[in-house]
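A.B. asks: Contents of target33.txt (compact mmCIF, C-alpha atoms) are given next:
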# COMPACT_ATOMS: atom_id res chain seq x y z
CA MET Q 24 114.26 74.80 84.33
CA LEU Q 25 112.49 74.20 87.62
CA TYR Q 26 113.21 75.05 91.21
CA ALA Q 27 111.23 74.49 94.39
CA GLU Q 28 110.90 75.82 97.91
CA ILE Q 29 109.79 73.34 100.58
CA ASP Q 30 107.93 74.76 103.57
CA LEU Q 31 108.81 72.69 106.64
CA VAL Q 32 106.40 74.72 108.76
CA ALA Q 33 103.55 73.60 106.51
CA LEU Q 34 104.77 70.01 106.82
CA ARG Q 35 104.65 70.18 110.61
CA ASP Q 36 101.21 71.80 110.49
CA ASN Q 37 99.95 68.95 108.29
CA LEU Q 38 101.41 66.33 110.61
CA ARG Q 39 99.83 67.95 113.66
CA ARG Q 40 96.46 67.97 111.92
CA ILE Q 41 96.85 64.29 111.05
CA ARG Q 42 97.79 63.49 114.65
CA ASP Q 43 94.61 65.22 115.79
CA LEU Q 44 92.61 62.96 113.49
CA LEU Q 45 94.43 59.83 114.68
CA GLY Q 46 94.12 60.17 118.43
CA HIS Q 47 96.22 57.43 119.99
CA THR Q 48 96.81 55.45 116.77
CA GLY Q 49 100.43 55.32 115.66
CA LEU Q 50 101.62 57.34 112.67
CA LEU Q 51 104.04 55.91 110.12
CA PHE Q 52 105.25 58.78 107.95
CA VAL Q 53 106.21 57.59 104.46
CA VAL Q 54 109.45 59.25 103.35
CA LYS Q 55 110.35 56.87 100.53
CA GLY Q 56 111.59 58.30 97.25
CA ASP Q 57 113.75 60.92 99.03
CA ALA Q 58 110.65 61.96 101.01
CA TYR Q 59 108.60 62.21 97.80
CA GLY Q 60 111.45 64.25 96.40
CA HIS Q 61 111.38 66.91 99.11
CA GLY Q 62 114.71 65.93 100.67
CA LEU Q 63 114.74 63.03 103.10
CA GLU Q 64 117.18 64.51 105.58
CA GLU Q 65 115.34 67.81 105.89
CA ILE Q 66 111.90 66.20 106.06
CA VAL Q 67 112.92 63.59 108.64
CA GLY Q 68 114.64 66.22 110.75
CA ALA Q 69 111.49 68.36 110.75
CA ALA Q 70 109.10 65.46 111.41
CA ALA Q 71 110.81 63.04 113.80
CA ASP Q 72 109.20 64.37 116.97
CA LEU Q 73 105.70 64.30 115.44
CA VAL Q 74 105.63 60.76 114.05
CA ASP Q 75 106.10 57.26 115.44
CA TRP Q 76 107.61 55.42 112.46
CA PHE Q 77 109.23 56.20 109.15
CA GLY Q 78 108.55 54.24 105.97
CA VAL Q 79 111.30 54.07 103.33
CA GLU Q 80 111.92 52.20 100.10
CA SER Q 81 115.41 50.83 100.65
CA LEU Q 82 118.21 50.08 103.07
CA GLY Q 83 120.02 53.16 101.82
CA GLU Q 84 117.10 55.38 102.78
CA ALA Q 85 116.76 53.66 106.15
CA ARG Q 86 120.40 54.48 106.85
CA ARG Q 87 119.82 58.10 105.87
CA VAL Q 88 117.03 58.30 108.46
CA ARG Q 89 119.43 57.06 111.10
CA ALA Q 90 122.20 59.39 109.93
CA VAL Q 91 119.96 62.36 110.71
CA GLY Q 92 119.76 61.11 114.29
CA ALA Q 93 116.15 59.92 114.18
CA THR Q 94 115.58 56.90 116.40
CA ASN Q 95 112.03 56.11 115.23
CA PRO Q 96 111.44 52.54 114.04
CA VAL Q 97 111.90 52.25 110.27
CA LEU Q 98 109.91 50.01 107.93
CA ILE Q 99 111.49 49.22 104.54
CA MET Q 100 108.35 49.12 102.40
CA VAL Q 101 109.86 47.42 99.34
CA PRO Q 102 111.17 43.86 99.81
CA PRO Q 103 114.96 44.22 100.11
CA PRO Q 104 117.22 42.39 97.63
CA PRO Q 105 119.07 39.28 98.87
CA GLU Q 106 122.46 40.99 99.13
CA GLU Q 107 121.10 43.58 101.58
CA LEU Q 108 119.21 41.28 103.94
CA ARG Q 109 122.07 40.68 106.38
CA ALA Q 110 122.63 44.41 106.80
CA VAL Q 111 118.90 45.01 107.25
CA LEU Q 112 118.86 42.51 110.11
CA GLN Q 113 122.11 43.68 111.67
CA GLU Q 114 120.89 47.27 111.72
CA GLY Q 115 117.48 46.39 113.17
CA PHE Q 116 115.20 47.62 110.39
CA HIS Q 117 111.75 46.14 109.77
CA PHE Q 118 110.84 45.07 106.24
CA VAL Q 119 107.88 43.73 104.28
CA LEU Q 120 107.78 40.03 103.43
CA GLY Q 121 107.14 40.12 99.70
CA ASP Q 122 106.84 36.41 98.89
CA TRP Q 123 107.68 32.87 100.02
CA GLU Q 124 111.25 33.02 98.71
CA LEU Q 125 112.05 36.08 100.81
CA LEU Q 126 110.92 34.13 103.87
CA ARG Q 127 113.59 31.50 103.18
CA GLU Q 128 116.21 34.18 102.59
CA ALA Q 129 115.28 35.94 105.84
CA GLU Q 130 115.64 32.70 107.79
CA ARG Q 131 119.11 32.10 106.33
CA ALA Q 132 120.17 35.68 107.04
CA ALA Q 133 118.97 35.39 110.64
CA GLY Q 134 120.98 32.20 111.08
CA ILE Q 135 124.13 33.85 109.74
CA THR Q 136 123.86 37.15 111.58
CA GLY Q 137 122.35 35.93 114.82
CA ARG Q 138 119.90 38.84 114.56
CA PRO Q 139 116.12 38.49 114.16
CA ALA Q 140 114.30 39.40 110.98
CA PHE Q 141 111.41 41.72 111.87
CA VAL Q 142 108.85 41.24 109.10
CA HIS Q 143 105.48 42.77 108.29
CA ILE Q 144 103.16 40.49 106.31
CA PRO Q 145 101.48 42.16 103.30
CA VAL Q 146 98.00 40.76 102.66
CA ASP Q 147 96.86 41.18 99.06
CA THR Q 148 93.19 42.17 99.32
CA GLY Q 149 93.06 43.49 95.78
CA MET Q 150 96.23 45.49 95.13
CA GLY Q 151 97.89 42.76 93.08
CA ARG Q 152 101.41 43.66 94.18
CA TYR Q 153 103.69 41.68 96.48
CA GLY Q 154 102.27 39.83 99.46
CA PHE Q 155 100.01 36.91 100.27
CA LEU Q 156 96.37 36.22 99.48
CA PRO Q 157 94.09 36.10 102.54
CA GLU Q 158 93.71 32.34 102.18
CA GLU Q 159 97.51 31.90 102.19
CA VAL Q 160 98.20 33.72 105.44
CA GLU Q 161 97.35 30.91 107.86
CA GLY Q 162 99.66 28.57 105.95
CA LEU Q 163 102.35 31.24 106.01
CA LEU Q 164 102.05 31.56 109.77
CA GLY Q 165 102.44 27.79 110.02
CA GLU Q 166 105.69 28.08 108.07
CA LEU Q 167 106.83 31.01 110.20
CA SER Q 168 106.37 28.99 113.36
CA HIS Q 169 109.20 26.76 112.14
CA CYS Q 170 111.47 29.56 110.90
CA LEU Q 171 114.13 30.36 113.48
CA GLY Q 172 114.91 34.04 113.78
CA VAL Q 173 112.00 35.36 111.70
CA GLU Q 174 109.51 37.36 113.75
CA ALA Q 175 106.20 38.45 112.22
CA VAL Q 176 105.71 41.73 114.08
CA GLY Q 177 103.19 43.30 111.72
CA ILE Q 178 100.42 42.52 109.28
CA TYR Q 179 98.90 44.96 106.81
CA SER Q 180 97.14 45.51 103.51
CA HIS Q 181 96.88 48.44 101.09
CA LEU Q 182 93.72 50.24 99.99
CA SER Q 183 94.49 50.70 96.32
CA SER Q 184 91.37 52.71 95.38
CA ALA Q 185 90.54 54.63 98.55
CA HIS Q 186 91.46 57.92 96.87
CA ARG Q 187 88.73 57.49 94.24
CA GLY Q 188 85.15 58.53 94.83
CA SER Q 189 83.08 56.46 92.41
CA ALA Q 190 80.50 54.05 93.79
CA ASP Q 191 82.47 51.11 92.36
CA ASP Q 192 85.71 52.26 93.96
CA ILE Q 193 84.06 52.86 97.33
CA ALA Q 194 82.47 49.40 97.19
CA PHE Q 195 85.81 47.84 96.22
CA THR Q 196 87.58 49.55 99.13
CA ARG Q 197 84.92 48.40 101.58
CA THR Q 198 85.37 44.85 100.27
CA GLN Q 199 89.12 45.15 100.90
CA ILE Q 200 88.47 46.30 104.47
CA GLU Q 201 86.04 43.44 105.08
CA LEU Q 202 88.48 40.85 103.68
CA PHE Q 203 91.23 42.09 105.97
CA LEU Q 204 88.97 42.26 109.04
CA ASP Q 205 87.68 38.74 108.36
CA LEU Q 206 91.26 37.50 108.21
CA LEU Q 207 92.15 39.24 111.48
CA LEU Q 208 89.12 37.69 113.14
CA ARG Q 209 90.08 34.18 111.98
CA LEU Q 210 93.61 34.68 113.26
CA GLU Q 211 92.39 36.04 116.59
CA ARG Q 212 90.25 32.95 117.07
CA ARG Q 213 93.45 30.94 116.74
CA GLY Q 214 95.14 33.15 119.32
CA VAL Q 215 97.29 34.95 116.74
CA ARG Q 216 97.92 38.66 117.35
CA PHE Q 217 100.47 41.07 115.93
CA PRO Q 218 102.12 44.04 117.63
CA TRP Q 219 101.37 46.20 114.57
CA VAL Q 220 98.24 46.02 112.42
CA HIS Q 221 97.87 48.61 109.67
CA LEU Q 222 95.60 49.19 106.69
CA ALA Q 223 95.03 52.92 106.16
CA ASN Q 224 97.06 54.99 103.75
CA SER Q 225 96.41 58.74 103.47
CA SER Q 226 93.12 58.44 101.63
CA GLY Q 227 92.07 55.49 103.76
CA LEU Q 228 92.56 57.57 106.89
CA LEU Q 229 90.50 60.48 105.57
CA SER Q 230 87.78 58.59 103.66
CA PHE Q 231 87.40 55.46 105.76
CA PRO Q 232 88.13 56.51 109.37
CA GLU Q 233 87.30 53.04 110.69
CA THR Q 234 90.68 51.94 109.30
CA SER Q 235 92.51 54.01 111.91
CA PHE Q 236 90.90 52.53 115.04
CA GLU Q 237 90.95 49.10 116.67
CA PRO Q 238 91.94 46.54 115.59
CA PHE Q 239 94.32 48.84 113.69
CA ASN Q 240 97.03 50.64 115.65
CA LEU Q 241 99.13 52.22 112.89
CA VAL Q 242 98.42 54.22 109.72
CA ARG Q 243 100.78 54.90 106.81
CA VAL Q 244 100.62 58.53 105.69
CA GLY Q 245 102.50 60.02 102.76
CA ALA Q 246 100.51 62.18 100.34
CA ALA Q 247 98.37 63.80 103.03
CA ALA Q 248 101.43 64.95 104.97
CA TYR Q 249 102.92 66.52 101.84
CA GLY Q 250 99.54 68.08 101.10
CA TYR Q 251 99.20 66.90 97.49
CA VAL Q 252 96.31 65.60 95.49
CA ASP Q 253 93.10 67.66 95.35
CA GLY Q 254 90.44 69.59 97.22
CA PHE Q 255 89.62 66.44 99.13
CA TRP Q 256 92.77 66.94 101.20
CA ARG Q 257 92.22 70.62 101.73
CA LYS Q 258 88.88 70.16 103.47
CA TRP Q 259 90.87 68.54 106.27
CA GLY Q 260 93.08 71.60 106.67
CA LEU Q 261 96.05 70.13 104.79
CA ARG Q 262 98.08 72.07 102.23
CA PRO Q 263 100.94 71.47 99.79
CA ILE Q 264 104.35 72.02 101.31
CA SER Q 265 106.20 73.16 98.19
CA ARG Q 266 106.11 76.07 95.77
CA VAL Q 267 107.51 75.47 92.30
CA TRP Q 268 108.81 77.93 89.72
CA SER Q 269 110.08 77.92 86.18
CA ARG Q 270 111.22 80.66 83.80
CA VAL Q 271 110.14 81.70 80.34
CA VAL Q 272 112.58 80.42 77.71
CA ALA Q 273 110.97 82.07 74.66
CA VAL Q 274 108.21 84.54 73.79
CA ARG Q 275 106.35 84.44 70.46
CA ASP Q 276 103.48 86.31 68.82
CA LEU Q 277 101.17 83.97 66.88
CA ARG Q 278 98.40 84.97 64.49
CA ALA Q 279 94.82 83.79 64.96
CA GLY Q 280 94.19 80.20 63.92
CA TRP Q 281 97.81 79.06 64.43
CA PRO Q 282 98.39 75.60 66.00
CA VAL Q 283 99.91 75.45 69.48
CA GLY Q 284 101.35 72.22 70.85
CA TYR Q 285 100.99 68.77 69.37
CA GLU Q 286 98.60 67.05 66.97
CA ARG Q 287 96.94 70.39 66.03
CA ARG Q 288 94.37 69.94 68.77
CA TYR Q 289 94.51 73.61 69.71
CA VAL Q 290 94.68 76.72 67.55
CA THR Q 291 94.85 80.29 68.74
CA PRO Q 292 91.40 81.94 68.69
CA ARG Q 293 92.93 85.40 68.20
CA PRO Q 294 96.37 86.99 67.86
CA THR Q 295 98.16 85.57 70.90
CA ARG Q 296 101.36 86.29 72.76
CA VAL Q 297 102.79 82.98 73.93
CA ALA Q 298 105.38 82.38 76.66
CA LEU Q 299 107.15 79.04 76.34
CA LEU Q 300 108.50 77.07 79.28
CA GLY Q 301 111.22 74.45 78.98
CA VAL Q 302 109.36 71.99 81.20
CA GLY Q 303 106.79 69.32 80.45
CA TYR Q 304 105.38 65.99 81.45
CA ARG Q 305 108.80 64.51 82.21
CA HIS Q 306 109.05 67.13 84.95
CA GLY Q 307 105.63 66.31 86.38
CA LEU Q 308 103.25 68.62 84.50
CA GLY Q 309 99.97 66.93 83.60
CA GLU Q 310 97.23 67.54 81.07
CA ALA Q 311 94.97 68.86 83.84
CA LEU Q 312 97.24 71.87 84.44
CA LYS Q 313 95.22 74.89 83.32
CA TRP Q 314 97.23 77.96 84.28
CA ALA Q 315 100.25 79.42 86.07
CA TRP Q 316 101.05 82.77 87.64
CA VAL Q 317 103.09 85.30 85.64
CA GLY Q 318 103.66 88.75 87.09
CA GLY Q 319 101.04 88.04 89.74
CA ARG Q 320 98.38 87.19 87.14
CA ARG Q 321 96.93 83.89 86.03
CA ALA Q 322 98.11 82.94 82.54
CA PRO Q 323 96.22 80.02 80.94
CA LEU Q 324 98.08 77.03 79.61
CA ILE Q 325 97.37 76.54 75.91
CA GLY Q 326 97.94 73.50 73.74
CA ARG Q 327 99.17 70.16 74.98
CA VAL Q 328 101.97 69.67 77.47
CA GLY Q 329 105.00 68.21 75.73
CA MET Q 330 107.84 66.15 77.15
CA ASP Q 331 109.87 69.27 77.92
CA SER Q 332 107.69 72.17 76.81
CA ALA Q 333 104.53 74.01 77.78
CA ALA Q 334 102.94 77.22 76.50
CA LEU Q 335 101.16 80.01 78.36
CA ASP Q 336 98.89 82.68 76.90
CA VAL Q 337 100.39 85.94 78.21
CA THR Q 338 98.55 88.30 75.87
CA GLU Q 339 97.05 90.11 78.87
CA VAL Q 340 100.23 90.06 80.97
CA PRO Q 341 102.56 93.01 80.28
CA GLY Q 342 106.34 92.82 80.33
CA VAL Q 343 106.84 89.09 79.81
CA ARG Q 344 110.22 88.23 78.30
CA ARG Q 345 112.85 85.50 78.32
CA GLY Q 346 113.80 84.81 81.91
CA THR Q 347 110.52 86.03 83.44
CA GLU Q 348 109.69 83.96 86.50
CA VAL Q 349 106.60 81.72 86.38
CA LEU Q 350 105.01 80.35 89.53
CA LEU Q 351 103.60 76.93 88.66
CA SER Q 352 102.40 75.90 92.12
CA ASP Q 353 102.18 78.36 95.00
CA GLY Q 354 101.65 76.01 97.93
CA SER Q 355 98.01 77.03 98.39
CA GLY Q 356 96.69 73.93 96.65
CA GLU Q 357 94.84 75.98 94.02
CA ASN Q 358 96.87 74.75 91.08
CA VAL Q 359 97.87 71.35 92.36
CA ASP Q 360 95.44 69.26 90.28
CA GLY Q 361 97.53 69.66 87.14
CA TRP Q 362 100.61 68.01 88.54
CA ILE Q 363 101.59 64.39 88.25
CA LEU Q 364 102.56 64.76 91.87
CA PRO Q 365 104.67 63.86 93.63
CA ALA Q 366 106.60 63.05 90.45
CA LEU Q 367 107.74 66.63 89.99
CA VAL Q 368 110.00 67.41 92.90
CA PRO Q 369 112.24 64.31 92.56
CA MET Q 370 113.38 65.68 89.20
CA LEU Q 371 115.15 68.51 90.99
CA SER Q 372 118.70 68.43 92.29
CA ARG Q 373 119.52 69.61 95.79
CA ALA Q 374 120.78 72.86 94.28
CA GLU Q 375 117.29 73.46 92.86
CA ARG Q 376 115.52 73.01 96.20
CA THR Q 377 115.45 75.23 99.27
CA TRP Q 378 113.83 74.56 102.64
CA ARG Q 379 111.98 77.14 104.73
CA ARG Q 380 111.79 76.72 108.49
CA VAL Q 381 109.79 79.88 109.19
CA PRO Q 382 106.23 80.73 108.12
CA VAL Q 383 105.84 82.25 104.67
CA GLN Q 384 102.94 84.03 103.03
CA THR Q 385 101.58 82.75 99.74
CA ALA Q 386 103.27 84.67 96.95
CA VAL Q 387 100.04 85.24 95.04
CA GLY Q 388 97.01 86.90 96.57
Using structure tokens, write down the structure that the file contains.

C.D. replies:
Amino acid sequence: MLYAEIDLVALRDNLRRIRDLLGHTGLLFVVKGDAYGHGLEEIVGAAADLVDWFGVESLGEARRVRAVGATNPVLIMVPPPPEELRAVLQEGFHFVLGDWELLREAERAAGITGRPAFVHIPVDTGMGRYGFLPEEVEGLLGELSHCLGVEAVGIYSHLSSAHRGSADDIAFTRTQIELFLDLLLRLERRGVRFPWVHLANSSGLLSFPETSFEPFNLVRVGAAAYGYVDGFWRKWGLRPISRVWSRVVAVRDLRAGWPVGYERRYVTPRPTRVALLGVGYRHGLGEALKWAWVGGRRAPLIGRVGMDSAALDVTEVPGVRRGTEVLLSDGSGENVDGWILPALVPMLSRAERTWRRVPVQTAVG
């Protein structure tokens, strides 16, 4: 059992902080995956006046953005399937051009609908997902010049390792940046410019600030706006926007030396009172999770996290019983490292989420 409270005030505070860092560069707020599981309609409604674009994963999500009343441009960040292309064009959404075949489909859809296909070209500088290698882009532009109704309005790449701090990862990210800048320079020499040029994701913006200034005029921010990942984000004044609870489903007293969890990797060092939770890694809990709050106290996690179970040592916490509330993440960022975030919140139904539009104090001092 899990339930979450999403703090829309914290979201707006994060977005304002990001805007301060960006200056005049445009902000594309990534709300794909139901706004990382926080509720697309509520998140878009709270953010629309603070961002320039929204990024979604599908036509359905793009329509949900419009249904809220947001008029911001929308980029569909996953190549749409063939059967949705006509609607994407008719409704004026931008989309990423995943491969050569999608280019042909977009041209046919433009001919049928009489509406232009607004495409952003993904340049694969080391991500290995959809897109085009740097050496393919000039040939692609040659093809595009003959494609009626297909307008290349953006070009971008993705910094796949910018969130990692090792020397190898930093060097790899700098190589990605150089590859993309070299490509832009070659295209500029040919007189080719794009209305939108973007490279920075959240970690790119914060770790490699050169990716948010000319020649770039747009950044794609998701994780930083939601405040998740680690202390790296917090030094910029960002904080998690959700608090997450569970409840104790069983309480047991185990003798010293008794195994807890799986594969007998952990045994109790002393007689231990254990509170069991009916949540595990399928709900987003990770091996790095070390503790939770029970009755206002930190209770350490013991043993391994299972698919739908986790155990807390509550020997020093009085009054714990079935149904006792457990605060797994309080929105301060203290306990966020143990979550496979943002995989947790999407597991919750709308009935298990609430949204706060007024400031709230952290529940744990």

A.B. asks: Axis-aligned box over every listed atom of segment 196-204 of chain Q, padded by 4 Å per side: centre and edges in Å to one decimal, as lines of an AutoDock Vina configuration file?

C.D. replies:
center_x = 88.1
center_y = 45.2
center_z = 104.1
size_x = 14.3
size_y = 16.7
size_z = 17.9

A.B. asks: Tell me, as an MDAnalysis selection string, which residues lie within 10 Å of Leu73 of chain Q, counting all atoms listed in the file; anything in the same chain fewer than 2 positions away does not count.

C.D. replies: chainID Q and resid 35 38:39 41:42 50 52 67 69:71 75:76

A.B. asks: With a distance cut-off of 12 Å and all atoms listed in the file, select the neighbouring residues of Glu106 of chain Q, excluding the residue or stretch itself and same-chain residues fewer than 2 positions from it, and output the selection as a count of residues only.

C.D. replies: 14

A.B. asks: Which residues come within 9 Å of segment 196-208 of chain Q, counting only C-alpha atoms, excluding same-chain residues fewer than 2 positions away, as a PyMOL selection string?

C.D. replies: chain Q and resi 146-149+157-158+160-161+179-185+191-194+210-213+215-216+222+227+231+234+238

A.B. asks: Go ahead and dump the residues you just picked, C-alpha atoms, as a short mmCIF file (atom, residue, chain, number, x, y, z; two decimals), in the frame of the given file.

C.D. replies:
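Wrote again.cif, looks like this:
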data_model
loop_
_atom_site.label_atom_id
_atom_site.label_comp_id
_atom_site.auth_asym_id
_atom_site.auth_seq_id
_atom_site.Cartn_x
_atom_site.Cartn_y
_atom_site.Cartn_z
CA VAL Q 146 98.00 40.76 102.66
CA ASP Q 147 96.86 41.18 99.06
CA THR Q 148 93.19 42.17 99.32
CA GLY Q 149 93.06 43.49 95.78
CA PRO Q 157 94.09 36.10 102.54
CA GLU Q 158 93.71 32.34 102.18
CA VAL Q 160 98.20 33.72 105.44
CA GLU Q 161 97.35 30.91 107.86
CA TYR Q 179 98.90 44.96 106.81
CA SER Q 180 97.14 45.51 103.51
CA HIS Q 181 96.88 48.44 101.09
CA LEU Q 182 93.72 50.24 99.99
CA SER Q 183 94.49 50.70 96.32
CA SER Q 184 91.37 52.71 95.38
CA ALA Q 185 90.54 54.63 98.55
CA ASP Q 191 82.47 51.11 92.36
CA ASP Q 192 85.71 52.26 93.96
CA ILE Q 193 84.06 52.86 97.33
CA ALA Q 194 82.47 49.40 97.19
CA LEU Q 210 93.61 34.68 113.26
CA GLU Q 211 92.39 36.04 116.59
CA ARG Q 212 90.25 32.95 117.07
CA ARG Q 213 93.45 30.94 116.74
CA VAL Q 215 97.29 34.95 116.74
CA ARG Q 216 97.92 38.66 117.35
CA LEU Q 222 95.60 49.19 106.69
CA GLY Q 227 92.07 55.49 103.76
CA PHE Q 231 87.40 55.46 105.76
CA THR Q 234 90.68 51.94 109.30
CA PRO Q 238 91.94 46.54 115.59
#

A.B. asks: For a test of reading the model, state the distance in Å between atom CA of Val283 of chain Q and atom CA of Leu312 of chain Q, rounded to one decimal.

C.D. replies: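 We find that atom CA of Val283 of chain Q and atom CA of Leu312 of chain Q lie 15.6 Å from each other.
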
A.B. asks: Do a neighbour search on Asn37 of chain Q at 7 Å with all atoms listed in the file, toss out local chain neighbours closer than 4 positions, and write the hits as a list in words.

C.D. replies: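 Here the answer would be Ala33, Ile41, Ala248 and Leu261 of chain Q.
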
A.B. asks: Counting all atoms listed in the file, which residue out of Q:Leu156, Q:Leu163, Q:Pro232, Q:Gly245 sits closest to Lys55 of chain Q?

C.D. replies: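 Residue with the minimum atom-to-atom distance to Lys55 of chain Q: Q:Gly245.
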
A.B. asks: Please indicate the distance in Å from atom CA of Glu237 of chain Q to atom CA of Ile99 of chain Q, rounded to one decimal place.

C.D. replies: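 Those two atoms sit 23.9 Å apart.
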
A.B. asks: Select, from Q:Phe195, Q:Leu277, Q:Ala247, Q:Phe155, the residue with the minimum atom-to-atom distance to Glu124 of chain Q, counting all atoms listed in the file.

C.D. replies: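 Nearest candidate to Glu124 of chain Q out of Q:Phe195, Q:Leu277, Q:Ala247, Q:Phe155: Q:Phe155.
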